[in-house]
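Below you'll find the structure, written out as C-alpha cells, and then a few comments.
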Amino acid sequence: MSFVDEIEIIVEAGKGGSGCVSFHREKFIPKGGPDGGDGGKGGDVYIYANASLNHLSKFLSNQYFKAEDGKPGKANKQKGKDGKDLIISVPVGTILVDKENNQVIGELDYPEKKILVAKGGKGGLGNYHFATSANQTPMYAQSGLPGEKKRIFLNLKLIADVGFVGLPNAGKSSLLKSLTNSSPKIADYPFTTLNPNLGILIQEENQNQRRLLLADIPGIIEGASKGMGLGISFLKHIERVQIIVYVLDINSMSLNEDYKILQAELMQYSKELLKKESIIVFNKIDLIHYDTEILNFLYKNFIENCKSFQSNIETIPVIFLSAKTKKGIENLVKQLFLMIPIPSYAEILMKKYNEQENNRK
Ligand SMILES: Nc1nc2c(ncn2[C@@H]2O[C@H](COP(=O)(O)OP(=O)(O)OP(=O)(O)O)[C@@H](O)[C@H]2O)c(=O)[nH]1
Ligand SMILES: [Mg+2]
C-alpha cells in the first residue's frame, strides 16, 4: 500500500430526526391533546488518534464519512433515538485543517485524543410543545436540523523521539535495522527509502526498560529544497523529534561538505530543525582501516572544516560505528538515552498501551 501523509476528506454529522405530529387516543378520551415526541439528535463526527496507525493510506479508498441521522419522534411523547456518533481513526500526529477557512481545527498530538469535527443536528420538537390556549391541536412539528458538514485536510506529521537524516546510501535504514526490530528496505542505490520508516529501540538495564521511537526518512541531496531527488517535504516527519542524528558515510572524501549540504537543506525547510539537539554518526567504519590515530585525524579535520558554518560543532557528540557489523553502535544507544529524558514519546505510548490492557482485564 502506498504511503499517504496528506489527504482531504469530507465529514458530515447526522441530521436531527423530525418531531412528530400526533394526538393522544384512548377509549373514552375522544379529544386527547397533542403528544408527538421530539426527534433524536444527529450523530456527531469525531477524529481519534490511534497509536497503531502510521499513515493515511486507508483514506485513498474512501473520503466521505457520515454519522447516523436521528430518528423521528413518535406518538405518546416518545423521543426518537439519537443517531450514533461516528469515530474516524487517524495516526497520532495528524493535524486537522478546515478547508473552508484554512484554520487548524486541532492536532491529534497524543494517543486516544478525540476531536469533535462535525456536530449532529438538533432533533425537531414534537407537536405537543406547540399547544396554546388558542390552538389546542397544533398540526405542526419541527423538522430536524441538518448536521454540520466539513471538508477537512488531514496532514500527518509523524511523532518520534529521534530522526535520521543523511545523504542517500549513508546507511540510515541500515542503522534503523541494527537498532530496532524494524526491517526497512536497504540497498546500495540512492533513494531506497521512499517513505519514513519507524522502529522502537529498547534498552534493558537492571530490570529497567527504556524505549525510543526512531524515524528513518528518505535521503537528502543538494538542491532537495528546490525539488531535487525526493525533495524535502518529508522533513515534516522529523519536525517533532527531540534529536536529529546526522548519518554520514565515513568513506566520503568530503565529510564536512556532506554535513554542510544536510544542514543547508534542513535550514531551507525550517530554521527550527537546526535548533534541535543532534548527534553526528560516522557510519561504515568497517570499510576503513580502523585505527585511533586515523579516527582522531578524521574527527579533527571534520571539526576544523565545520567551524566556519557551525560555531558550536565541538559540543555535538560524534560517534563512529558500523551499522553493518554493529561495532560502536552501543555508544550511539548510550548517547541517545542520555540525551532523551524520561518519558520519551515511545515510553508514553507504552504506558498508554499498558493502561488500555489493564482496563480490558
Ligand atoms: N560496509 C557497510 N555497508 C553499509 C553500512 N551501512 C549501510 N551499508 C550499505 O550501504 C548501502 C546503503 O544503505 P541504506 O541503509 O539503504 O542507506 P540509506 O541511507 O537508508 O539510503 P537511502 O534510503 O537511499 O537514503 C547498502 O548497500 C548497505 O548495505 C555499514 O556500516 N558498513
Ligand atoms: Mg534508506
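Chain labels run A, B, ... following the order of the C-alpha cells; each chain numbers its residues from 1, and ligands are numbered from 1 in the order shown.
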
Counting only C-alpha atoms and all ligand atoms, give me one row per residue of chain A with an atom at most 10 Å from an atom of ligand 2, showing the shortest contact pair and its distance in Å to one decimal, sorted by chain then residue number, as a tab-separated table.
```
residue	atom	partner	partner_atom_place_in_ligand_line	distance
A:Phe164	CA	ligand 2	1 (Mg)	9.6
A:Val165	CA	ligand 2	1 (Mg)	9.8
A:Gly166	CA	ligand 2	1 (Mg)	9.1
A:Leu167	CA	ligand 2	1 (Mg)	9.4
A:Pro168	CA	ligand 2	1 (Mg)	7.1
A:Asn169	CA	ligand 2	1 (Mg)	6.8
A:Ala170	CA	ligand 2	1 (Mg)	8.1
A:Gly171	CA	ligand 2	1 (Mg)	6.6
A:Lys172	CA	ligand 2	1 (Mg)	5.4
A:Ser173	CA	ligand 2	1 (Mg)	4.1
A:Ser174	CA	ligand 2	1 (Mg)	7.2
A:Leu175	CA	ligand 2	1 (Mg)	9.1
A:Leu176	CA	ligand 2	1 (Mg)	8.9
A:Pro184	CA	ligand 2	1 (Mg)	7.2
A:Lys185	CA	ligand 2	1 (Mg)	6.6
A:Ile186	CA	ligand 2	1 (Mg)	5.9
A:Ala187	CA	ligand 2	1 (Mg)	7.7
A:Asp188	CA	ligand 2	1 (Mg)	9.5
A:Tyr189	CA	ligand 2	1 (Mg)	9.4
A:Pro190	CA	ligand 2	1 (Mg)	8.1
A:Phe191	CA	ligand 2	1 (Mg)	6.6
A:Thr192	CA	ligand 2	1 (Mg)	5.2
A:Thr193	CA	ligand 2	1 (Mg)	4.0
A:Leu194	CA	ligand 2	1 (Mg)	7.6
A:Asn195	CA	ligand 2	1 (Mg)	8.7
A:Pro196	CA	ligand 2	1 (Mg)	8.7
A:Asn197	CA	ligand 2	1 (Mg)	8.5
A:Asp216	CA	ligand 2	1 (Mg)	6.9
A:Ile217	CA	ligand 2	1 (Mg)	6.8
A:Pro218	CA	ligand 2	1 (Mg)	5.8
A:Gly219	CA	ligand 2	1 (Mg)	6.7
```

Hey, which bits of region 19-103 of chain A sit within 6 Å of region 133-150 of chain A, and for each residue what's the closest pair of atoms and how far apart in Å (one decimal), counting only C-alpha atoms, rows by chain and increasing number, as JSON lines?
```
{"residue": "A:Gly19", "atom": "CA", "partner": "A:Ala141", "partner_atom": "CA", "distance": 5.2}
{"residue": "A:Cys20", "atom": "CA", "partner": "A:Ala141", "partner_atom": "CA", "distance": 5.9}
{"residue": "A:Val21", "atom": "CA", "partner": "A:Ala141", "partner_atom": "CA", "distance": 5.8}
```

Checklist entry - Interatomic distance between CA of Lys260 (chain A) and CA of Glu314 (chain A)? => result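 So the answer is 14.9 Å.
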
Checklist entry - Which parts of region 196-241 of chain A does DSSP call strand (DSSP E) when run on the backbone here, written out as a PyMOL selection string? => result chain A and resi 197-205+208-216

Writing out the chosen residues with N, CA and C atoms as a JSON list (two decimals), in the first residue's frame:
```
[["chain", "number", "residue", "atom", "x", "y", "z"],
["A", 197, "ASN", "N", 10.31, 5.34, 7.77],
["A", 197, "ASN", "CA", 10.19, 4.06, 8.48],
["A", 197, "ASN", "C", 10.34, 4.34, 9.97],
["A", 198, "LEU", "N", 9.58, 3.62, 10.77],
["A", 198, "LEU", "CA", 9.68, 3.79, 12.22],
["A", 198, "LEU", "C", 10.17, 2.50, 12.86],
["A", 199, "GLY", "N", 10.86, 2.62, 13.97],
["A", 199, "GLY", "CA", 11.27, 1.44, 14.72],
["A", 199, "GLY", "C", 11.47, 1.81, 16.18],
["A", 200, "ILE", "N", 11.32, 0.83, 17.06],
["A", 200, "ILE", "CA", 11.47, 1.10, 18.50],
["A", 200, "ILE", "C", 12.80, 0.55, 18.99],
["A", 201, "LEU", "N", 13.59, 1.41, 19.61],
["A", 201, "LEU", "CA", 14.84, 1.00, 20.24],
["A", 201, "LEU", "C", 14.56, 0.71, 21.71],
["A", 202, "ILE", "N", 14.95, -0.49, 22.14],
["A", 202, "ILE", "CA", 14.68, -0.88, 23.54],
["A", 202, "ILE", "C", 16.00, -1.09, 24.27],
["A", 203, "GLN", "N", 16.08, -0.56, 25.47],
["A", 203, "GLN", "CA", 17.27, -0.78, 26.29],
["A", 203, "GLN", "C", 16.85, -1.41, 27.60],
["A", 204, "GLU", "N", 17.41, -2.56, 27.91],
["A", 204, "GLU", "CA", 17.08, -3.22, 29.18],
["A", 204, "GLU", "C", 18.31, -3.09, 30.07],
["A", 205, "GLU", "N", 18.12, -2.48, 31.23],
["A", 205, "GLU", "CA", 19.26, -2.34, 32.15],
["A", 205, "GLU", "C", 18.76, -2.48, 33.57],
["A", 208, "ASN", "N", 15.29, -2.38, 34.31],
["A", 208, "ASN", "CA", 14.61, -1.18, 33.83],
["A", 208, "ASN", "C", 14.56, -1.24, 32.32],
["A", 209, "GLN", "N", 13.42, -0.89, 31.78],
["A", 209, "GLN", "CA", 13.36, -0.87, 30.33],
["A", 209, "GLN", "C", 13.13, 0.55, 29.86],
["A", 210, "ARG", "N", 13.92, 0.97, 28.88],
["A", 210, "ARG", "CA", 13.66, 2.27, 28.25],
["A", 210, "ARG", "C", 13.42, 2.07, 26.76],
["A", 211, "ARG", "N", 12.65, 3.00, 26.18],
["A", 211, "ARG", "CA", 12.30, 2.87, 24.76],
["A", 211, "ARG", "C", 12.40, 4.22, 24.06],
["A", 212, "LEU", "N", 12.78, 4.15, 22.79],
["A", 212, "LEU", "CA", 12.76, 5.36, 21.95],
["A", 212, "LEU", "C", 12.15, 5.00, 20.60],
["A", 213, "LEU", "N", 11.40, 5.93, 20.05],
["A", 213, "LEU", "CA", 10.85, 5.71, 18.71],
["A", 213, "LEU", "C", 11.76, 6.43, 17.71],
["A", 214, "LEU", "N", 12.30, 5.67, 16.77],
["A", 214, "LEU", "CA", 13.24, 6.21, 15.78],
["A", 214, "LEU", "C", 12.58, 6.33, 14.41],
["A", 215, "ALA", "N", 12.89, 7.41, 13.72],
["A", 215, "ALA", "CA", 12.33, 7.60, 12.37],
["A", 215, "ALA", "C", 13.45, 7.73, 11.35],
["A", 216, "ASP", "N", 13.37, 6.89, 10.32],
["A", 216, "ASP", "CA", 14.33, 6.93, 9.20],
["A", 216, "ASP", "C", 13.57, 7.54, 8.02]]
```

Checklist entry - Using only C-alpha atoms, which residues sit within 10 Å of Ile243 (chain A) once same-chain residues fewer than 6 positions away are excluded, as a count of residues only? => result 15

Item to check | All residues 9 Å or closer to Gly43 (chain A), only C-alpha atoms, same chain fewer than 2 positions away omitted, as a PyMOL selection string | outcome: chain A and resi 13-16+41+45+66-70+82-86+118-121+147

Residues from last step as file, C-alpha atoms, as a compact mmCIF listing (two decimals), in the first residue's frame:
```
# COMPACT_ATOMS: atom_id res chain seq x y z
CA ALA A 13 -22.75 14.79 11.01
CA GLY A 14 -26.20 13.21 11.26
CA LYS A 15 -29.38 15.19 10.64
CA GLY A 16 -31.71 15.63 13.58
CA LYS A 41 -30.22 14.32 17.72
CA VAL A 45 -18.30 13.06 13.90
CA LYS A 66 -21.33 10.40 7.57
CA ALA A 67 -22.69 9.87 11.06
CA GLU A 68 -26.14 8.40 11.62
CA ASP A 69 -29.26 10.61 11.46
CA GLY A 70 -31.51 10.99 14.49
CA ASP A 82 -30.21 9.82 18.75
CA GLY A 83 -28.01 8.98 15.75
CA LYS A 84 -24.80 7.10 16.57
CA ASP A 85 -21.60 9.17 16.66
CA LEU A 86 -19.00 8.34 14.05
CA ALA A 118 -18.89 18.00 12.95
CA LYS A 119 -21.81 18.42 15.30
CA GLY A 120 -25.02 16.50 14.76
CA GLY A 121 -28.22 18.43 14.02
CA GLY A 147 -25.72 18.11 10.73
```

Region 14-136 of chain A: residues DSSP assigns to helix (DSSP H, G or I), reported as a PDB file with N, CA and C atoms, in the first residue's frame:
```pdb
ATOM      1  N   SER A  57      -3.101   6.056   4.348  1.00  0.00           N
ATOM      2  CA  SER A  57      -3.423   5.376   3.087  1.00  0.00           C
ATOM      3  C   SER A  57      -4.846   4.823   3.037  1.00  0.00           C
ATOM      4  N   LYS A  58      -5.413   4.480   4.178  1.00  0.00           N
ATOM      5  CA  LYS A  58      -6.758   3.889   4.146  1.00  0.00           C
ATOM      6  C   LYS A  58      -7.796   4.882   3.590  1.00  0.00           C
ATOM      7  N   PHE A  59      -7.467   6.166   3.603  1.00  0.00           N
ATOM      8  CA  PHE A  59      -8.425   7.150   3.099  1.00  0.00           C
ATOM      9  C   PHE A  59      -8.427   7.247   1.575  1.00  0.00           C
ATOM     10  N   LEU A  60      -7.492   6.546   0.920  1.00  0.00           N
ATOM     11  CA  LEU A  60      -7.480   6.567  -0.547  1.00  0.00           C
ATOM     12  C   LEU A  60      -8.761   5.956  -1.105  1.00  0.00           C
ATOM     13  N   ASN A 127     -45.190  17.961  18.250  1.00  0.00           N
ATOM     14  CA  ASN A 127     -46.276  18.965  18.232  1.00  0.00           C
ATOM     15  C   ASN A 127     -46.796  19.297  19.628  1.00  0.00           C
ATOM     16  N   TYR A 128     -46.516  18.448  20.641  1.00  0.00           N
ATOM     17  CA  TYR A 128     -47.082  18.771  21.955  1.00  0.00           C
ATOM     18  C   TYR A 128     -46.491  20.049  22.538  1.00  0.00           C
ATOM     19  N   HIS A 129     -45.316  20.457  22.047  1.00  0.00           N
ATOM     20  CA  HIS A 129     -44.712  21.709  22.538  1.00  0.00           C
ATOM     21  C   HIS A 129     -45.489  22.936  22.055  1.00  0.00           C
ATOM     22  N   PHE A 130     -46.300  22.748  21.021  1.00  0.00           N
ATOM     23  CA  PHE A 130     -46.877  23.932  20.376  1.00  0.00           C
ATOM     24  C   PHE A 130     -48.340  24.171  20.718  1.00  0.00           C
TER      25      PHE A 130
END
```

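Distances here use only C-alpha atoms and all ligand atoms; by that measure, the residue among A:Ser344, A:Asn206, A:Ser2, A:Thr325 closest to ligand 1 is A:Thr325.
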
Item to check | Residue neighbourhood region 90-101 of chain A, 9 Å, only C-alpha atoms, exclusion window fewer than 6 positions, as a PyMOL selection string | outcome: chain A and resi 5+8+47-56+107-113+117+150-159

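Considering the residues A:Ile250, A:Ala346, A:Ala264, A:Ala131 and counting only C-alpha atoms and all ligand atoms, ligand 1 has its shortest atom-to-atom contact with A:Ile250.
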
Item to check | Interatomic distance, CA of Gln78 (chain A) to CA of Asp35 (chain A) (Å, one decimal) | outcome: 8.3 Å

Which neighbours of region 61-65 of chain A fall inside 8 Å, counting only C-alpha atoms, when residues of the same chain fewer than 6 positions from it are skipped, and could you give them as a PDB file with C-alpha atoms, in the first residue's frame?
```pdb
ATOM      1  CA  GLU A   8      -8.724  15.669   2.144  1.00  0.00           C
ATOM      2  CA  ILE A   9     -11.885  14.078   3.499  1.00  0.00           C
ATOM      3  CA  ILE A  10     -15.494  15.179   3.856  1.00  0.00           C
ATOM      4  CA  VAL A  11     -17.299  14.579   7.101  1.00  0.00           C
ATOM      5  CA  GLU A  12     -20.983  15.032   7.670  1.00  0.00           C
TER       6      GLU A  12
END
```

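Using only C-alpha atoms and all ligand atoms, the nearest neighbour of ligand 1 within the list A:Tyr345, A:Tyr259, A:Phe302, A:Phe282 is A:Phe282.
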
Checklist entry - Between A:Ile280, A:Leu248, A:Leu287, A:Ile348, which one has atoms that come closest to Val318 (chain A), using only C-alpha atoms? => result A:Ile280

Next on the checklist: I'd like the neighbourhood of region 224-235 of chain A as a PyMOL selection string, where a residue qualifies if any of its atoms comes within 7 Å (using only C-alpha atoms), though same-chain residues fewer than 5 positions away should be ignored.
Outcome noted: chain A and resi 265+268-269

Output N, CA and C atoms for every residue in that selection, as a CSV table (one decimal), in the first residue's frame.
```csv
chain,number,residue,atom,x,y,z
A,265,GLU,N,20.1,22.2,3.6
A,265,GLU,CA,18.7,21.7,3.1
A,265,GLU,C,17.7,21.8,4.2
A,268,GLN,N,16.6,25.3,4.8
A,268,GLN,CA,15.6,25.7,3.8
A,268,GLN,C,14.2,25.3,4.2
A,269,TYR,N,14.1,24.1,4.8
A,269,TYR,CA,12.8,23.7,5.3
A,269,TYR,C,12.3,24.5,6.5
```

Item to check | Nearest-residue call for ligand 1, choices A:Ile220, A:Ile303, A:Leu262, A:Val245, using only C-alpha atoms and all ligand atoms | outcome: A:Ile220

Item to check | d(atom 28 (C, counted along the ligand's line) of ligand 1, CA of Lys324 (chain A)) in Å | outcome: 7.3 Å
